[in-house]
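Coordinates as given in input.cif (mmCIF, C-alpha atoms, pLDDT in the B column; chains and numbers go by the auth columns):
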data_run
loop_
_atom_site.group_PDB
_atom_site.id
_atom_site.type_symbol
_atom_site.label_atom_id
_atom_site.label_comp_id
_atom_site.label_asym_id
_atom_site.label_seq_id
_atom_site.Cartn_x
_atom_site.Cartn_y
_atom_site.Cartn_z
_atom_site.B_iso_or_equiv
_atom_site.auth_seq_id
_atom_site.auth_asym_id
ATOM 1 C CA MET A 1 -3.237 154.294 125.590 79.00 121 A
ATOM 2 C CA ALA A 2 -1.728 151.263 123.860 80.00 122 A
ATOM 3 C CA GLY A 3 1.747 152.316 125.014 79.00 123 A
ATOM 4 C CA ALA A 4 0.500 152.768 128.591 73.00 124 A
ATOM 5 C CA ALA A 5 -1.086 149.302 128.503 73.00 125 A
ATOM 6 C CA VAL A 6 2.149 147.690 127.310 73.00 126 A
ATOM 7 C CA LEU A 7 4.144 149.558 129.972 73.00 127 A
ATOM 8 C CA TYR A 8 1.706 148.405 132.672 73.00 128 A
ATOM 9 C CA VAL A 9 2.045 144.750 131.605 70.00 129 A
ATOM 10 C CA CYS A 10 5.854 145.000 131.599 68.00 130 A
ATOM 11 C CA ILE A 11 5.951 146.515 135.082 68.00 131 A
ATOM 12 C CA ALA A 12 3.409 144.025 136.456 64.00 132 A
ATOM 13 C CA TRP A 13 5.391 141.106 135.048 64.00 133 A
ATOM 14 C CA SER A 14 8.634 142.277 136.674 64.00 134 A
ATOM 15 C CA VAL A 15 7.462 142.839 140.251 60.00 135 A
ATOM 16 C CA ALA A 16 6.269 140.613 143.102 57.00 136 A
ATOM 17 C CA PRO A 17 2.678 139.314 143.169 55.00 137 A
ATOM 18 C CA GLY A 18 1.746 142.011 145.705 51.00 138 A
ATOM 19 C CA PHE A 19 1.449 144.349 142.712 48.00 139 A
ATOM 20 C CA TYR A 20 -1.925 142.754 142.009 49.00 140 A
ATOM 21 C CA ASP A 21 -3.320 143.138 145.541 51.00 141 A
ATOM 22 C CA GLY A 22 -6.752 144.721 145.630 49.00 142 A
ATOM 23 C CA ILE A 23 -7.693 143.660 142.088 50.00 143 A
ATOM 24 C CA VAL A 24 -9.172 140.232 142.863 53.00 144 A
ATOM 25 C CA ASN A 25 -12.548 139.639 144.508 54.00 145 A
ATOM 26 C CA PRO A 26 -12.565 139.198 148.308 70.00 146 A
ATOM 27 C CA THR A 27 -12.888 135.772 149.898 84.00 147 A
ATOM 28 C CA PRO A 28 -16.582 134.833 150.290 91.00 148 A
ATOM 29 C CA TYR A 29 -17.876 135.928 153.677 96.00 149 A
ATOM 30 C CA ALA A 30 -19.121 133.289 156.129 96.00 150 A
ATOM 31 C CA PHE A 31 -22.499 134.628 157.266 96.00 151 A
ATOM 32 C CA THR A 32 -24.470 133.659 160.340 96.00 152 A
ATOM 33 C CA CYS A 33 -27.593 134.975 158.579 93.00 153 A
ATOM 34 C CA PRO A 34 -26.698 135.033 154.863 93.00 154 A
ATOM 35 C CA PRO A 35 -28.601 137.373 152.518 90.00 155 A
ATOM 36 C CA PRO A 36 -30.356 135.675 149.590 89.00 156 A
ATOM 37 C CA ILE A 37 -27.744 137.033 147.180 89.00 157 A
ATOM 38 C CA ALA A 38 -24.971 135.164 149.036 88.00 158 A
ATOM 39 C CA GLY A 39 -25.899 131.757 147.605 86.00 159 A
ATOM 40 C CA ALA A 40 -23.975 128.850 149.142 89.00 160 A
ATOM 41 C CA ASN A 41 -22.694 129.684 152.607 93.00 161 A
ATOM 42 C CA VAL A 42 -20.472 128.130 155.262 94.00 162 A
ATOM 43 C CA PRO A 43 -20.914 128.996 158.954 95.00 163 A
ATOM 44 C CA PRO A 44 -18.449 131.423 160.546 97.00 164 A
ATOM 45 C CA ARG A 45 -15.595 130.071 162.647 97.00 165 A
ATOM 46 C CA SER A 46 -14.538 130.832 166.220 98.00 166 A
ATOM 47 C CA GLY A 47 -11.097 131.694 167.594 98.00 167 A
ATOM 48 C CA HIS A 48 -9.091 130.653 170.653 98.00 168 A
ATOM 49 C CA GLU A 49 -5.672 131.745 171.869 97.00 169 A
ATOM 50 C CA VAL A 50 -3.629 131.286 175.032 98.00 170 A
ATOM 51 C CA ILE A 51 -1.382 134.319 175.621 97.00 171 A
ATOM 52 C CA PRO A 52 1.756 133.772 177.743 97.00 172 A
ATOM 53 C CA VAL A 53 2.311 135.978 180.797 96.00 173 A
ATOM 54 C CA VAL A 54 5.858 136.832 181.898 95.00 174 A
ATOM 55 C CA ASN A 55 6.388 138.557 185.267 92.00 175 A
ATOM 56 C CA GLY A 56 2.743 139.590 185.375 92.00 176 A
ATOM 57 C CA VAL A 57 2.825 141.119 181.862 95.00 177 A
ATOM 58 C CA SER A 58 0.868 139.481 179.055 96.00 178 A
ATOM 59 C CA ASP A 59 2.645 139.166 175.706 97.00 179 A
ATOM 60 C CA PRO A 60 1.472 141.152 172.664 97.00 180 A
ATOM 61 C CA SER A 61 -0.954 139.100 170.631 96.00 181 A
ATOM 62 C CA ALA A 62 -3.623 139.230 167.944 97.00 182 A
ATOM 63 C CA PRO A 63 -6.257 136.521 168.532 97.00 183 A
ATOM 64 C CA PHE A 64 -8.397 135.870 165.456 97.00 184 A
ATOM 65 C CA THR A 65 -11.144 133.604 164.220 97.00 185 A
ATOM 66 C CA ASP A 66 -10.087 130.641 162.108 97.00 186 A
ATOM 67 C CA ASP A 67 -11.677 132.235 159.022 95.00 187 A
ATOM 68 C CA GLY A 68 -9.944 135.572 159.652 95.00 188 A
ATOM 69 C CA GLN A 69 -13.186 137.558 159.836 97.00 189 A
ATOM 70 C CA PHE A 70 -12.489 138.982 163.309 98.00 190 A
ATOM 71 C CA VAL A 71 -9.164 140.025 164.847 97.00 191 A
ATOM 72 C CA ILE A 72 -8.374 141.777 168.122 98.00 192 A
ATOM 73 C CA ASP A 73 -4.911 143.312 168.379 97.00 193 A
ATOM 74 C CA LEU A 74 -3.571 143.365 171.955 97.00 194 A
ATOM 75 C CA LEU A 75 -0.622 145.382 173.280 97.00 195 A
ATOM 76 C CA PRO A 76 1.956 144.031 175.762 97.00 196 A
ATOM 77 C CA GLY A 77 0.425 144.081 179.228 96.00 197 A
ATOM 78 C CA ALA A 78 -3.088 144.504 177.824 97.00 198 A
ATOM 79 C CA PHE A 79 -4.524 142.416 180.688 97.00 199 A
ATOM 80 C CA ASP A 80 -4.323 142.569 184.462 95.00 200 A
ATOM 81 C CA ALA A 81 -2.488 139.253 184.659 93.00 201 A
ATOM 82 C CA GLN A 82 -0.823 139.406 188.082 92.00 202 A
ATOM 83 C CA GLY A 83 -0.406 135.915 189.501 93.00 203 A
ATOM 84 C CA LYS A 84 -1.202 134.237 186.165 95.00 204 A
ATOM 85 C CA THR A 85 0.999 132.367 183.716 96.00 205 A
ATOM 86 C CA SER A 86 -1.325 132.839 180.733 97.00 206 A
ATOM 87 C CA VAL A 87 -4.482 134.591 179.573 97.00 207 A
ATOM 88 C CA THR A 88 -7.051 132.782 177.433 98.00 208 A
ATOM 89 C CA VAL A 89 -9.009 134.717 174.827 98.00 209 A
ATOM 90 C CA ASP A 90 -12.032 133.274 172.991 98.00 210 A
ATOM 91 C CA ILE A 91 -13.860 134.774 170.005 98.00 211 A
ATOM 92 C CA THR A 92 -17.269 133.261 169.259 98.00 212 A
ATOM 93 C CA PRO A 93 -19.745 134.203 166.504 97.00 213 A
ATOM 94 C CA LEU A 94 -23.320 134.334 167.764 96.00 214 A
ATOM 95 C CA PRO A 95 -25.651 131.705 166.257 95.00 215 A
ATOM 96 C CA ASN A 96 -28.288 134.373 165.610 92.00 216 A
ATOM 97 C CA CYS A 97 -28.398 137.958 164.344 90.00 217 A
ATOM 98 C CA PRO A 98 -29.590 140.525 166.898 88.00 218 A
ATOM 99 C CA SER A 99 -31.082 143.741 165.531 84.00 219 A
ATOM 100 C CA PRO A 100 -29.750 146.732 167.493 88.00 220 A
ATOM 101 C CA PRO A 101 -32.337 149.559 167.458 89.00 221 A
ATOM 102 C CA GLY A 102 -31.579 152.064 164.729 91.00 222 A
ATOM 103 C CA VAL A 103 -28.684 150.029 163.298 93.00 223 A
ATOM 104 C CA HIS A 104 -28.489 147.900 160.166 94.00 224 A
ATOM 105 C CA ILE A 105 -25.809 145.262 160.751 94.00 225 A
ATOM 106 C CA SER A 106 -23.332 144.378 158.001 95.00 226 A
ATOM 107 C CA THR A 107 -21.359 141.648 159.801 96.00 227 A
ATOM 108 C CA ASN A 108 -21.859 138.748 162.156 97.00 228 A
ATOM 109 C CA VAL A 109 -22.029 139.466 165.874 97.00 229 A
ATOM 110 C CA TYR A 110 -18.964 138.245 167.767 98.00 230 A
ATOM 111 C CA GLU A 111 -18.483 137.695 171.493 98.00 231 A
ATOM 112 C CA VAL A 112 -14.943 138.237 172.825 98.00 232 A
ATOM 113 C CA THR A 113 -14.099 136.932 176.301 98.00 233 A
ATOM 114 C CA ALA A 114 -10.929 136.584 178.371 97.00 234 A
ATOM 115 C CA ASP A 115 -10.140 135.121 181.792 96.00 235 A
ATOM 116 C CA ALA A 116 -8.448 138.380 182.860 96.00 236 A
ATOM 117 C CA PRO A 117 -9.686 141.987 182.746 96.00 237 A
ATOM 118 C CA LEU A 118 -8.565 144.208 179.871 97.00 238 A
ATOM 119 C CA THR A 119 -6.561 147.212 181.094 96.00 239 A
ATOM 120 C CA LYS A 120 -5.294 148.711 177.801 96.00 240 A
ATOM 121 C CA GLU A 121 -7.089 149.665 174.622 97.00 241 A
ATOM 122 C CA ALA A 122 -7.204 147.023 171.914 97.00 242 A
ATOM 123 C CA ILE A 123 -7.842 147.317 168.194 97.00 243 A
ATOM 124 C CA VAL A 124 -10.806 145.407 166.785 97.00 244 A
ATOM 125 C CA VAL A 125 -10.682 144.535 163.073 97.00 245 A
ATOM 126 C CA MET A 126 -13.796 143.160 161.380 97.00 246 A
ATOM 127 C CA VAL A 127 -14.094 141.860 157.824 96.00 247 A
ATOM 128 C CA TYR A 128 -17.316 142.419 155.899 96.00 248 A
ATOM 129 C CA SER A 129 -18.729 141.165 152.614 95.00 249 A
ATOM 130 C CA ASN A 130 -18.788 142.977 149.285 92.00 250 A
ATOM 131 C CA LEU A 131 -22.417 141.831 149.017 92.00 251 A
ATOM 132 C CA VAL A 132 -23.614 144.163 151.779 92.00 252 A
ATOM 133 C CA THR A 133 -23.641 147.914 152.312 91.00 253 A
ATOM 134 C CA ASP A 134 -20.337 149.107 153.760 93.00 254 A
ATOM 135 C CA PRO A 135 -20.581 149.576 157.543 95.00 255 A
ATOM 136 C CA SER A 136 -19.932 153.034 158.982 95.00 256 A
ATOM 137 C CA TYR A 137 -19.143 152.112 162.588 97.00 257 A
ATOM 138 C CA VAL A 138 -18.390 149.289 165.015 97.00 258 A
ATOM 139 C CA TYR A 139 -20.860 148.782 167.860 97.00 259 A
ATOM 140 C CA ARG A 140 -20.201 147.134 171.243 97.00 260 A
ATOM 141 C CA ALA A 141 -22.485 145.756 173.965 96.00 261 A
ATOM 142 C CA ASP A 142 -22.240 143.831 177.219 97.00 262 A
ATOM 143 C CA ASP A 143 -25.260 141.754 176.207 95.00 263 A
ATOM 144 C CA PRO A 144 -26.554 140.816 172.728 93.00 264 A
ATOM 145 C CA ALA A 145 -29.914 142.303 173.729 91.00 265 A
ATOM 146 C CA GLY A 146 -28.172 145.679 174.167 90.00 266 A
ATOM 147 C CA PRO A 147 -27.825 148.496 174.707 95.00 267 A
ATOM 148 C CA TRP A 148 -25.327 148.869 171.866 96.00 268 A
ATOM 149 C CA THR A 149 -22.745 151.664 171.884 96.00 269 A
ATOM 150 C CA ASN A 150 -21.157 153.190 168.800 97.00 270 A
ATOM 151 C CA ILE A 151 -17.371 152.940 169.340 97.00 271 A
ATOM 152 C CA GLY A 152 -16.487 154.601 166.049 96.00 272 A
ATOM 153 C CA ALA A 153 -14.264 153.541 163.181 96.00 273 A
ATOM 154 C CA ASN A 154 -10.806 154.508 161.983 94.00 274 A
ATOM 155 C CA ALA A 155 -10.671 156.634 158.849 88.00 275 A
ATOM 156 C CA GLN A 156 -8.176 154.323 157.132 83.00 276 A
ATOM 157 C CA ALA A 157 -8.680 150.575 156.826 80.00 277 A
ATOM 158 C CA ARG A 158 -7.870 147.771 154.426 87.00 278 A
ATOM 159 C CA LEU A 159 -10.364 146.979 151.691 90.00 279 A
ATOM 160 C CA TRP A 160 -13.462 145.135 152.994 93.00 280 A
ATOM 161 C CA THR A 161 -12.462 145.738 156.646 95.00 281 A
ATOM 162 C CA ILE A 162 -13.421 148.168 159.386 96.00 282 A
ATOM 163 C CA ASP A 163 -11.460 148.706 162.595 96.00 283 A
ATOM 164 C CA THR A 164 -11.579 150.758 165.774 97.00 284 A
ATOM 165 C CA LYS A 165 -10.299 150.849 169.352 97.00 285 A
ATOM 166 C CA THR A 166 -12.042 149.397 172.385 97.00 286 A
ATOM 167 C CA SER A 167 -11.330 149.558 176.103 96.00 287 A
ATOM 168 C CA LYS A 168 -13.740 146.708 176.897 97.00 288 A
ATOM 169 C CA LEU A 169 -14.411 143.222 175.620 98.00 289 A
ATOM 170 C CA GLY A 170 -17.941 141.984 174.987 97.00 290 A
ATOM 171 C CA TYR A 171 -20.101 141.747 171.871 97.00 291 A
ATOM 172 C CA PHE A 172 -19.100 143.454 168.622 97.00 292 A
ATOM 173 C CA VAL A 173 -20.817 144.078 165.299 97.00 293 A
ATOM 174 C CA ALA A 174 -20.275 146.479 162.403 97.00 294 A
ATOM 175 C CA GLY A 175 -23.108 148.316 160.693 95.00 295 A
ATOM 176 C CA TYR A 176 -24.567 151.685 159.807 95.00 296 A
ATOM 177 C CA PRO A 177 -27.327 153.874 161.281 93.00 297 A
ATOM 178 C CA ILE A 178 -30.812 153.456 159.823 87.00 298 A
ATOM 179 C CA THR A 179 -32.065 156.809 158.543 78.00 299 A
ATOM 180 C CA LYS A 180 -34.656 158.015 156.055 59.00 300 A
ATOM 181 C CA SER A 181 -31.890 158.660 153.546 52.00 301 A
ATOM 182 C CA SER A 182 -30.480 155.134 153.906 47.00 302 A
ATOM 183 C CA GLY A 183 -33.956 153.713 153.327 45.00 303 A
ATOM 184 C CA GLY A 184 -34.321 155.903 150.243 41.00 304 A
ATOM 185 C CA GLY A 185 -30.998 154.671 148.948 42.00 305 A
ATOM 186 C CA GLN A 186 -32.307 151.115 148.995 46.00 306 A
ATOM 187 C CA LEU A 187 -35.589 152.165 147.332 46.00 307 A
ATOM 188 C CA LEU A 188 -34.075 154.160 144.460 47.00 308 A
ATOM 189 C CA PRO A 189 -32.595 151.217 142.471 51.00 309 A
ATOM 190 C CA ALA A 190 -35.914 149.346 142.669 53.00 310 A
ATOM 191 C CA THR A 191 -37.798 152.439 141.491 54.00 311 A
ATOM 192 C CA VAL A 192 -35.473 152.934 138.530 54.00 312 A
ATOM 193 C CA ALA A 193 -35.758 149.262 137.565 57.00 313 A
ATOM 194 C CA PHE A 194 -39.569 149.485 137.738 59.00 314 A
ATOM 195 C CA LEU A 195 -39.621 152.548 135.498 63.00 315 A
ATOM 196 C CA ILE A 196 -37.359 150.875 132.923 67.00 316 A
ATOM 197 C CA VAL A 197 -39.618 147.806 132.797 59.00 317 A
ATOM 198 C CA ALA A 198 -42.702 150.032 132.505 61.00 318 A
ATOM 199 C CA VAL A 199 -41.228 151.930 129.554 61.00 319 A
ATOM 200 C CA LEU A 200 -40.289 148.682 127.803 64.00 320 A
ATOM 201 C CA LEU A 201 -43.771 147.236 128.294 66.00 321 A
ATOM 202 C CA ALA A 202 -45.403 150.440 127.086 65.00 322 A
ATOM 203 C CA SER A 203 -43.321 150.359 123.907 63.00 323 A
ATOM 204 C CA ILE A 204 -44.546 146.893 122.867 67.00 324 A
ATOM 205 C CA PRO A 205 -47.975 147.974 121.504 66.00 325 A
ATOM 206 C CA LEU A 206 -46.354 150.826 119.541 61.00 326 A
ATOM 207 C CA THR A 207 -43.811 148.473 117.995 60.00 327 A
ATOM 208 C CA LEU A 208 -46.502 145.982 117.019 61.00 328 A
ATOM 209 C CA SER A 209 -48.679 148.685 115.439 64.00 329 A
ATOM 210 C CA ARG A 210 -45.751 149.969 113.359 62.00 330 A
ATOM 211 C CA ARG A 211 -45.024 146.447 112.090 62.00 331 A
ATOM 212 C CA ARG A 212 -48.674 145.993 111.087 67.00 332 A
ATOM 213 C CA LYS A 213 -48.640 149.243 109.128 66.00 333 A
ATOM 214 C CA ARG A 214 -45.489 148.146 107.295 62.00 334 A
#

Please express the file's structure as structure tokens.
Amino acid sequence: MAGAAVLYVCIAWSVAPGFYDGIVNPTPYAFTCPPPIAGANVPPRSGHEVIPVVNGVSDPSAPFTDDGQFVIDLLPGAFDAQGKTSVTVDITPLPNCPSPPGVHISTNVYEVTADAPLTKEAIVVMVYSNLVTDPSYVYRADDPAGPWTNIGANAQARLWTIDTKTSKLGYFVAGYPITKSSGGGQLLPATVAFLIVAVLLASIPLTLSRRRKR
């Protein structure tokens, strides 16, 4: 084990800093509605991009929010841009946190708009916090009040991100379905903690009685 540790240090010292990727903690997430565990919080940022159009074909682009928490990857000609010289895309975090029925949200809700209709599928990438339960899917809606549609999630994604494809713009959020099992998963740690405290409290009188006998 000591030899393996020395070898690891030698290799790590000789390669580029990318060798350490994935070891450090993620950048603190900017919540719209921060959980109590988040502590200090800064509001999420919006994004704005003007995409050039050449001969009716919009350039490939990846508009993103200024904090990098939401990205939409667009192919060449992703928009119906005939007669236009550019397409403007805006990404805006909602100031509140809607609660889609049957879904526990893990990210902010983002509205994505463009001044031209989307004609090709785009890839949506959403960052989430290590302080929340990992989301299972991305959900999309035409209105924050719903209805919300599960648009899936790719099997492979970078750490602390979830991504999927969409054929429409609108409102996006990542989360997981609320089920009896998910509720139980949240209850189990509290139950275990309660039992540990109960055992410790119950042991106090026994400890005191033993000391008195001694």

Among listed residues A:Ile298, A:Val209, A:Cys153, A:Ile192, nearest A:Ile171 (using all atoms listed in the file):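 Of A:Ile298, A:Val209, A:Cys153, A:Ile192, the one nearest A:Ile171, counting all atoms listed in the file, is A:Val209.
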
Test item: residues at most 7 Å from stretch 234-243 of chain A, only C-alpha atoms, excluding those fewer than 5 positions along its chain, as a PyMOL selection string: chain A and resi 192-195+198-201+207-210+283-288

Atom pair atom CA of A:Val247 / atom CA of A:Tyr149: separation (Å): 8.2 Å

Nearest residue to A:Ala182 from the set A:Gly159, A:Thr147, A:Val170, A:Thr253 (distances using all atoms listed in the file): A:Val170

Computed interatomic separation between atom CA of A:Arg260 and atom CA of A:Gly290 (Å): 6.8 Å

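Nearest residue to A:Ser181, choosing from A:Gly295, A:Gly167, A:Pro196, A:Asn270 and counting all atoms listed in the file: A:Pro196.
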
Residue with smallest distance to A:Gln189 - pool A:Asn274, A:Thr205, A:Asn161, A:Asn228, counting only C-alpha atoms: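 Checking each candidate against A:Gln189, we get A:Asn228 as the closest.
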
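Taking atom CA of A:Pro264 and atom CA of A:Ser249 as the two end points, the separation is 21.6 Å.
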
Nearest-residue call for A:Ala294, choices A:Ala122, A:Ala261, A:Leu127, A:Ile211, using all atoms listed in the file: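 Once distances to A:Ala294 are computed over all atoms listed in the file, the minimum belongs to A:Ala261.
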
Selection: 12 Å around A:Tyr230, all atoms listed in the file, excl. self and same-chain fewer than 3 positions, as a PyMOL selection string: chain A and resi 151-152+164-167+184-185+189-192+210-218+227+233+244-247+258-264+289-294
